[in-house]
Amino acid sequence: MQDAAPFDDLSDFQTVLIGLPGSDSRAREAARARNDRLTKPPGALGRLEELAVWFAGWAGTERPVLARPQVAVFAANHGIAVRGVSAFPAEVTAQMVANFRAGGAAINQLSAWAGATMSVHALDLDRPTRDFTTGPAMSEAEVVRALETGWTAVDPEADALVVGEMGIGNTTSAAALACALFGGAAEDWAGRGTGIDEAGLSRKVETITEGLGRHGAALTDPLEALRCLGGREIAAMAGAIAAARSHRIPVVLDGFIATAAAGVLARAAPGCLTHCVAGHVSAESGHRRLLGKLGLDPILDLGLRLGEGSGGALALGVLAAALRTHSGMATFDEAGVSDG
């Protein structure tokens, strides 16, 4: 059963972020010691070894397994969509939510392949956020409700979490957030999203620039930046990532938009993303830059740009392989093999 969110406003949420638990250092060190005794040359499994030790610390055991992964997809609409920043109309969001629920999207197939349970959470699709060039995208009450939706979507019994999204216009919100949080110009963060042309990209850059100028000093507070520039699905992903940390559940981040949600948390409470790994780096131009700002090295680089949680779900396969080799292999002593 999902927990009720332990916050009522953004100040409470900030306090929650600061007090989130860390990983189990004893389990992590025991896993590291086990890794050093497995029947292979030191470091021969490369990053798989690193992933297994990292996961062990959050799982609280030196021999973890991936048995109950969860994929949670959040959908919402953006007021800035009316500015022509996407190649698709806003009604596609609701149409894709129906497709998710019918099992017809890529993320449905990848979740099933990874053995993950998948849930879909639509947030007020008939009520887009405000165009952030004219005012804050959300009121405090609205952003808190979205954070609560994400928080309560997390299964406390899950052993890994992927968060995904759907929302026409959300790469513009994510780019604006990244710019506010990590600096630079709109051109540094704006990409082609769903496949916009040069004119669309120019509109996107202009929209981001106007939004940043509109909100000014308020953007120095990461949670205010989320309120002013973000979307309900971005806030929900941030809430889910924070909830996962509260349960010591490792998170595999998806693409640019999910990483922007994580970036809000990283700026609001430095160090609160140590339970996260980057599932992949997408083809969206700002994603690699954003991962660099967060110090995250992607597991996969396949040119994906779909969103939905697709790259994160795909990376669950690599994570499962890392845990299978770490926990299932014999040590030199167990196998009776000389280690020289």
# chains A, B, ... in the order shown; residues from 1 in each chain; ligands from 1
>>> closest_atom_pairs(of="stretch 181-299 of chain A", to="stretch 154-158 of chain A", cutoff="9 Å", atoms="only C-alpha atoms", output="Markdown table")
| residue | atom | partner | partner_atom | distance |
| --- | --- | --- | --- | --- |
| A:Ala240 | CA | A:Val154 | CA | 6.1 |
| A:Ile241 | CA | A:Val154 | CA | 8.6 |
| A:Ala243 | CA | A:Val154 | CA | 6.7 |
| A:Ala244 | CA | A:Val154 | CA | 6.6 |
| A:His247 | CA | A:Pro156 | CA | 6.1 |
| A:Arg248 | CA | A:Pro156 | CA | 8.9 |
| A:Ile249 | CA | A:Ala158 | CA | 7.0 |
>>> residues_around(residues="A:Ala27", least_positions_apart="5", cutoff="7 Å", atoms="only C-alpha atoms", output="PyMOL selection string")
chain A and resi 56-57+60-62
>>> closest_atom_pairs(of="stretch 116-203 of chain A", to="stretch 286-301 of chain A", cutoff="7 Å", atoms="only C-alpha atoms", output="CSV")
residue,atom,partner,partner_atom,distance
A:Asp188,CA,A:Gly286,CA,6.8
A:Trp189,CA,A:Gly286,CA,4.6
A:Ala190,CA,A:Gly286,CA,6.6
A:Gly191,CA,A:Gly286,CA,6.6
>>> write_last_selection(atoms="all heavy atoms", output="CSV table (one decimal), in the first residue's frame")
chain,number,residue,atom,x,y,z
A,188,ASP,N,21.2,26.6,-25.4
A,188,ASP,CA,22.0,25.5,-24.9
A,188,ASP,C,21.1,24.3,-24.5
A,188,ASP,O,21.6,23.1,-24.5
A,188,ASP,CB,22.8,25.9,-23.6
A,188,ASP,CG,23.7,27.0,-23.9
A,188,ASP,OD1,24.3,27.1,-25.0
A,188,ASP,OD2,23.9,27.9,-23.0
A,189,TRP,N,19.9,24.5,-24.2
A,189,TRP,CA,19.0,23.5,-23.7
A,189,TRP,C,17.9,23.0,-24.6
A,189,TRP,O,17.4,21.9,-24.4
A,189,TRP,CB,18.4,23.9,-22.3
A,189,TRP,CG,19.5,24.2,-21.3
A,189,TRP,CD1,20.0,25.4,-20.9
A,189,TRP,CD2,20.2,23.2,-20.6
A,189,TRP,NE1,20.9,25.2,-19.9
A,189,TRP,CE2,21.1,23.9,-19.7
A,189,TRP,CE3,20.2,21.8,-20.5
A,189,TRP,CZ2,22.0,23.2,-18.8
A,189,TRP,CZ3,21.1,21.1,-19.7
A,189,TRP,CH2,22.0,21.8,-18.8
A,190,ALA,N,17.4,23.9,-25.5
A,190,ALA,CA,16.3,23.6,-26.3
A,190,ALA,C,16.7,22.6,-27.4
A,190,ALA,O,17.7,22.8,-28.1
A,190,ALA,CB,15.8,24.9,-26.9
A,191,GLY,N,15.9,21.6,-27.6
A,191,GLY,CA,16.1,20.6,-28.7
A,191,GLY,C,14.9,20.5,-29.5
A,191,GLY,O,13.9,21.2,-29.3
>>> closest_atom_pairs(of="stretch 98-175 of chain A", to="stretch 254-264 of chain A", cutoff="12 Å", atoms="only C-alpha atoms", output="tab-separated table")
residue	atom	partner	partner_atom	distance
A:Ile107	CA	A:Asp254	CA	11.3
A:Leu147	CA	A:Ala261	CA	10.7
A:Gly150	CA	A:Ala261	CA	11.3
A:Leu161	CA	A:Asp254	CA	10.4
A:Val162	CA	A:Asp254	CA	7.0
A:Val163	CA	A:Asp254	CA	6.9
A:Gly164	CA	A:Ala258	CA	6.6
A:Glu165	CA	A:Ala258	CA	7.4
A:Met166	CA	A:Ile257	CA	9.5
A:Gly167	CA	A:Ile257	CA	10.0
A:Ile168	CA	A:Ile257	CA	11.7
A:Gly169	CA	A:Ile257	CA	10.7
A:Asn170	CA	A:Ile257	CA	7.1
A:Thr171	CA	A:Ile257	CA	6.3
A:Thr172	CA	A:Ile257	CA	9.2
A:Ser173	CA	A:Ile257	CA	8.3
A:Ala174	CA	A:Ile257	CA	5.4
A:Ala175	CA	A:Ala260	CA	7.8
>>> write_last_selection(atoms="N, CA and C atoms", output="PDB file, in the first residue's frame")
ATOM      1  N   ILE A 107       6.341   1.722 -24.144  1.00  0.00           N
ATOM      2  CA  ILE A 107       6.658   1.489 -22.737  1.00  0.00           C
ATOM      3  C   ILE A 107       5.909   0.282 -22.188  1.00  0.00           C
ATOM      4  N   LEU A 147       3.194  16.750  -6.852  1.00  0.00           N
ATOM      5  CA  LEU A 147       4.235  16.061  -6.077  1.00  0.00           C
ATOM      6  C   LEU A 147       3.626  14.906  -5.275  1.00  0.00           C
ATOM      7  N   GLY A 150       2.894  11.867  -7.460  1.00  0.00           N
ATOM      8  CA  GLY A 150       4.093  11.082  -7.681  1.00  0.00           C
ATOM      9  C   GLY A 150       4.503  10.290  -6.456  1.00  0.00           C
ATOM     10  N   LEU A 161      12.711   1.520  -9.493  1.00  0.00           N
ATOM     11  CA  LEU A 161      11.670   2.379 -10.049  1.00  0.00           C
ATOM     12  C   LEU A 161      12.177   3.087 -11.296  1.00  0.00           C
ATOM     13  N   VAL A 162      11.346   3.104 -12.323  1.00  0.00           N
ATOM     14  CA  VAL A 162      11.536   3.944 -13.512  1.00  0.00           C
ATOM     15  C   VAL A 162      10.352   4.886 -13.590  1.00  0.00           C
ATOM     16  N   VAL A 163      10.614   6.187 -13.752  1.00  0.00           N
ATOM     17  CA  VAL A 163       9.511   7.134 -13.956  1.00  0.00           C
ATOM     18  C   VAL A 163       9.549   7.621 -15.397  1.00  0.00           C
ATOM     19  N   GLY A 164       8.373   7.690 -16.004  1.00  0.00           N
ATOM     20  CA  GLY A 164       8.258   8.149 -17.375  1.00  0.00           C
ATOM     21  C   GLY A 164       7.180   9.205 -17.491  1.00  0.00           C
ATOM     22  N   GLU A 165       7.037   9.778 -18.674  1.00  0.00           N
ATOM     23  CA  GLU A 165       6.110  10.896 -18.838  1.00  0.00           C
ATOM     24  C   GLU A 165       5.504  10.946 -20.237  1.00  0.00           C
ATOM     25  N   MET A 166       4.427  11.698 -20.307  1.00  0.00           N
ATOM     26  CA  MET A 166       3.811  12.063 -21.572  1.00  0.00           C
ATOM     27  C   MET A 166       3.201  13.451 -21.386  1.00  0.00           C
ATOM     28  N   GLY A 167       3.493  14.358 -22.300  1.00  0.00           N
ATOM     29  CA  GLY A 167       2.919  15.695 -22.186  1.00  0.00           C
ATOM     30  C   GLY A 167       3.397  16.580 -23.315  1.00  0.00           C
ATOM     31  N   ILE A 168       2.527  16.884 -24.252  1.00  0.00           N
ATOM     32  CA  ILE A 168       2.927  17.729 -25.375  1.00  0.00           C
ATOM     33  C   ILE A 168       3.417  19.078 -24.843  1.00  0.00           C
ATOM     34  N   GLY A 169       4.625  19.455 -25.261  1.00  0.00           N
ATOM     35  CA  GLY A 169       5.248  20.695 -24.802  1.00  0.00           C
ATOM     36  C   GLY A 169       6.215  20.511 -23.655  1.00  0.00           C
ATOM     37  N   ASN A 170       6.358  19.257 -23.160  1.00  0.00           N
ATOM     38  CA  ASN A 170       7.158  19.129 -21.937  1.00  0.00           C
ATOM     39  C   ASN A 170       8.666  19.199 -22.134  1.00  0.00           C
ATOM     40  N   THR A 171       9.175  19.022 -23.349  1.00  0.00           N
ATOM     41  CA  THR A 171      10.614  19.259 -23.512  1.00  0.00           C
ATOM     42  C   THR A 171      10.931  20.750 -23.383  1.00  0.00           C
ATOM     43  N   THR A 172       9.959  21.612 -23.708  1.00  0.00           N
ATOM     44  CA  THR A 172      10.169  23.047 -23.521  1.00  0.00           C
ATOM     45  C   THR A 172      10.230  23.380 -22.033  1.00  0.00           C
ATOM     46  N   SER A 173       9.314  22.831 -21.251  1.00  0.00           N
ATOM     47  CA  SER A 173       9.356  23.037 -19.804  1.00  0.00           C
ATOM     48  C   SER A 173      10.646  22.479 -19.205  1.00  0.00           C
ATOM     49  N   ALA A 174      11.040  21.293 -19.640  1.00  0.00           N
ATOM     50  CA  ALA A 174      12.257  20.685 -19.112  1.00  0.00           C
ATOM     51  C   ALA A 174      13.483  21.531 -19.455  1.00  0.00           C
ATOM     52  N   ALA A 175      13.540  22.058 -20.680  1.00  0.00           N
ATOM     53  CA  ALA A 175      14.668  22.888 -21.080  1.00  0.00           C
ATOM     54  C   ALA A 175      14.697  24.185 -20.281  1.00  0.00           C
TER      55      ALA A 175
END
>>> atom_distance(atom1="atom CA of A:Cys272", atom2="atom CA of A:Arg34")
26.8 Å
>>> residues_around(residues="A:Glu140", least_positions_apart="5", cutoff="10 Å", atoms="only C-alpha atoms", output="ChimeraX atom specification")
/A:8-10,145-146,223-224,226-228
>>> select_by_dssp(residues="stretch 9-197 of chain A", states="helix (DSSP H, G or I)", output="PyMOL selection string")
chain A and resi 10-18+25-37+47-59+79-83+91-102+106-113+140-153+170-182+186-189
>>> atom_distance(atom1="atom CA of A:Ser11", atom2="atom CA of A:Met237")
18.2 Å
>>> residues_around(residues="A:Ala31", least_positions_apart="5", cutoff="12 Å", atoms="only C-alpha atoms", output="list in words")
Asp24, Ser25, Arg26, Asp36, Arg37, Leu38, Glu49, Glu50, Leu51, Ala52, Val53, Trp54, Phe55, Ala56, Gly57, Trp58, Ala59, Gly60, Thr61, Glu62, Arg63, Pro64, Leu323, His326, Ser327 and Thr331 of chain A
>>> residues_around(residues="A:Gly115", least_positions_apart="6", cutoff="10 Å", atoms="only C-alpha atoms", output="ChimeraX atom specification")
/A:66-71,109,313,316-317
>>> write_last_selection(atoms="N, CA, C and O atoms", output="tab-separated table (two decimals), in the first residue's frame")
chain	number	residue	atom	x	y	z
A	66	LEU	N	16.81	-8.42	-8.68
A	66	LEU	CA	15.78	-7.52	-9.20
A	66	LEU	C	14.54	-8.37	-9.45
A	66	LEU	O	14.48	-9.10	-10.43
A	67	ALA	N	13.57	-8.28	-8.55
A	67	ALA	CA	12.40	-9.16	-8.63
A	67	ALA	C	11.09	-8.40	-8.81
A	67	ALA	O	10.11	-8.97	-9.29
A	68	ARG	N	11.07	-7.11	-8.44
A	68	ARG	CA	9.79	-6.40	-8.46
A	68	ARG	C	10.00	-4.95	-8.93
A	68	ARG	O	9.70	-4.01	-8.21
A	69	PRO	N	10.47	-4.76	-10.15
A	69	PRO	CA	10.63	-3.39	-10.65
A	69	PRO	C	9.29	-2.75	-10.97
A	69	PRO	O	8.31	-3.45	-11.30
A	70	GLN	N	9.24	-1.44	-10.88
A	70	GLN	CA	8.02	-0.68	-11.15
A	70	GLN	C	8.31	0.40	-12.18
A	70	GLN	O	9.36	1.06	-12.14
A	71	VAL	N	7.39	0.60	-13.11
A	71	VAL	CA	7.42	1.72	-14.05
A	71	VAL	C	6.17	2.54	-13.80
A	71	VAL	O	5.06	2.01	-13.85
A	109	GLN	N	5.41	-2.48	-23.83
A	109	GLN	CA	6.18	-3.65	-24.28
A	109	GLN	C	7.48	-3.78	-23.48
A	109	GLN	O	7.86	-4.88	-23.06
A	313	ALA	N	13.34	1.76	-18.73
A	313	ALA	CA	12.88	0.38	-18.69
A	313	ALA	C	13.86	-0.54	-19.40
A	313	ALA	O	14.13	-1.67	-18.95
A	316	LEU	N	16.75	-1.45	-17.30
A	316	LEU	CA	16.50	-2.44	-16.25
A	316	LEU	C	17.11	-3.79	-16.61
A	316	LEU	O	17.52	-4.55	-15.73
A	317	GLY	N	17.16	-4.09	-17.90
A	317	GLY	CA	17.75	-5.35	-18.33
A	317	GLY	C	19.23	-5.44	-17.99
A	317	GLY	O	19.73	-6.49	-17.56
>>> closest_residue(among="A:Gly211, A:Gly328, A:Gly336, A:Gly195", to="A:Val65", atoms="only C-alpha atoms")
A:Gly328
>>> residues_around(residues="A:Arg245", least_positions_apart="5", cutoff="9 Å", atoms="only C-alpha atoms", output="ChimeraX atom specification")
/A:20-22,58,240,250-251,272-276
>>> write_last_selection(atoms="N, CA and C atoms", output="PDB file, in the first residue's frame")
ATOM      1  N   LEU A  20      15.956  12.793   3.832  1.00  0.00           N
ATOM      2  CA  LEU A  20      15.838  11.468   3.213  1.00  0.00           C
ATOM      3  C   LEU A  20      16.982  10.553   3.630  1.00  0.00           C
ATOM      4  N   PRO A  21      16.721   9.248   3.776  1.00  0.00           N
ATOM      5  CA  PRO A  21      17.758   8.323   4.251  1.00  0.00           C
ATOM      6  C   PRO A  21      18.801   8.011   3.187  1.00  0.00           C
ATOM      7  N   GLY A  22      19.946   7.530   3.650  1.00  0.00           N
ATOM      8  CA  GLY A  22      21.003   7.095   2.751  1.00  0.00           C
ATOM      9  C   GLY A  22      20.983   5.589   2.553  1.00  0.00           C
ATOM     10  N   TRP A  58      21.416   0.034  -1.507  1.00  0.00           N
ATOM     11  CA  TRP A  58      20.014   0.450  -1.359  1.00  0.00           C
ATOM     12  C   TRP A  58      19.108  -0.726  -1.031  1.00  0.00           C
ATOM     13  N   ALA A 240       7.851  11.238  -7.133  1.00  0.00           N
ATOM     14  CA  ALA A 240       8.085   9.790  -7.141  1.00  0.00           C
ATOM     15  C   ALA A 240       9.545   9.459  -6.856  1.00  0.00           C
ATOM     16  N   PRO A 250      16.096   2.031  -5.418  1.00  0.00           N
ATOM     17  CA  PRO A 250      16.922   2.627  -6.481  1.00  0.00           C
ATOM     18  C   PRO A 250      16.059   3.079  -7.663  1.00  0.00           C
ATOM     19  N   VAL A 251      16.465   4.166  -8.289  1.00  0.00           N
ATOM     20  CA  VAL A 251      15.738   4.738  -9.422  1.00  0.00           C
ATOM     21  C   VAL A 251      16.624   4.707 -10.664  1.00  0.00           C
ATOM     22  N   CYS A 272      20.824  14.291  -2.860  1.00  0.00           N
ATOM     23  CA  CYS A 272      19.621  13.465  -2.709  1.00  0.00           C
ATOM     24  C   CYS A 272      19.366  12.565  -3.913  1.00  0.00           C
ATOM     25  N   LEU A 273      20.300  12.527  -4.869  1.00  0.00           N
ATOM     26  CA  LEU A 273      20.119  11.654  -6.038  1.00  0.00           C
ATOM     27  C   LEU A 273      21.069  10.460  -6.036  1.00  0.00           C
ATOM     28  N   THR A 274      21.677  10.141  -4.912  1.00  0.00           N
ATOM     29  CA  THR A 274      22.619   9.025  -4.904  1.00  0.00           C
ATOM     30  C   THR A 274      21.927   7.679  -5.092  1.00  0.00           C
ATOM     31  N   HIS A 275      20.600   7.664  -5.007  1.00  0.00           N
ATOM     32  CA  HIS A 275      19.862   6.416  -5.277  1.00  0.00           C
ATOM     33  C   HIS A 275      19.486   6.304  -6.751  1.00  0.00           C
ATOM     34  N   CYS A 276      19.964   7.216  -7.587  1.00  0.00           N
ATOM     35  CA  CYS A 276      19.596   7.242  -9.006  1.00  0.00           C
ATOM     36  C   CYS A 276      20.785   6.917  -9.905  1.00  0.00           C
TER      37      CYS A 276
END
>>> select_by_dssp(residues="stretch 20-250 of chain A", states="strand (DSSP E or B)", output="VMD selection string")
chain A and resid 38 69 to 75 117 to 122 160 to 166
>>> residues_around(residues="A:Ser119", least_positions_apart="3", cutoff="9 Å", atoms="only C-alpha atoms", output="MDAnalysis selection string")
chainID A and resid 70:74 100:101 153
>>> write_last_selection(atoms="C-alpha atoms", output="compact mmCIF listing (two decimals), in the first residue's frame")
# COMPACT_ATOMS: atom_id res chain seq x y z
CA GLN A 70 8.02 -0.68 -11.15
CA VAL A 71 7.42 1.72 -14.05
CA ALA A 72 5.22 4.74 -13.31
CA VAL A 73 4.18 6.99 -16.20
CA PHE A 74 2.77 10.47 -15.55
CA PHE A 100 -0.82 3.29 -22.47
CA ARG A 101 -3.90 1.98 -20.69
CA ALA A 153 2.34 6.30 -6.98
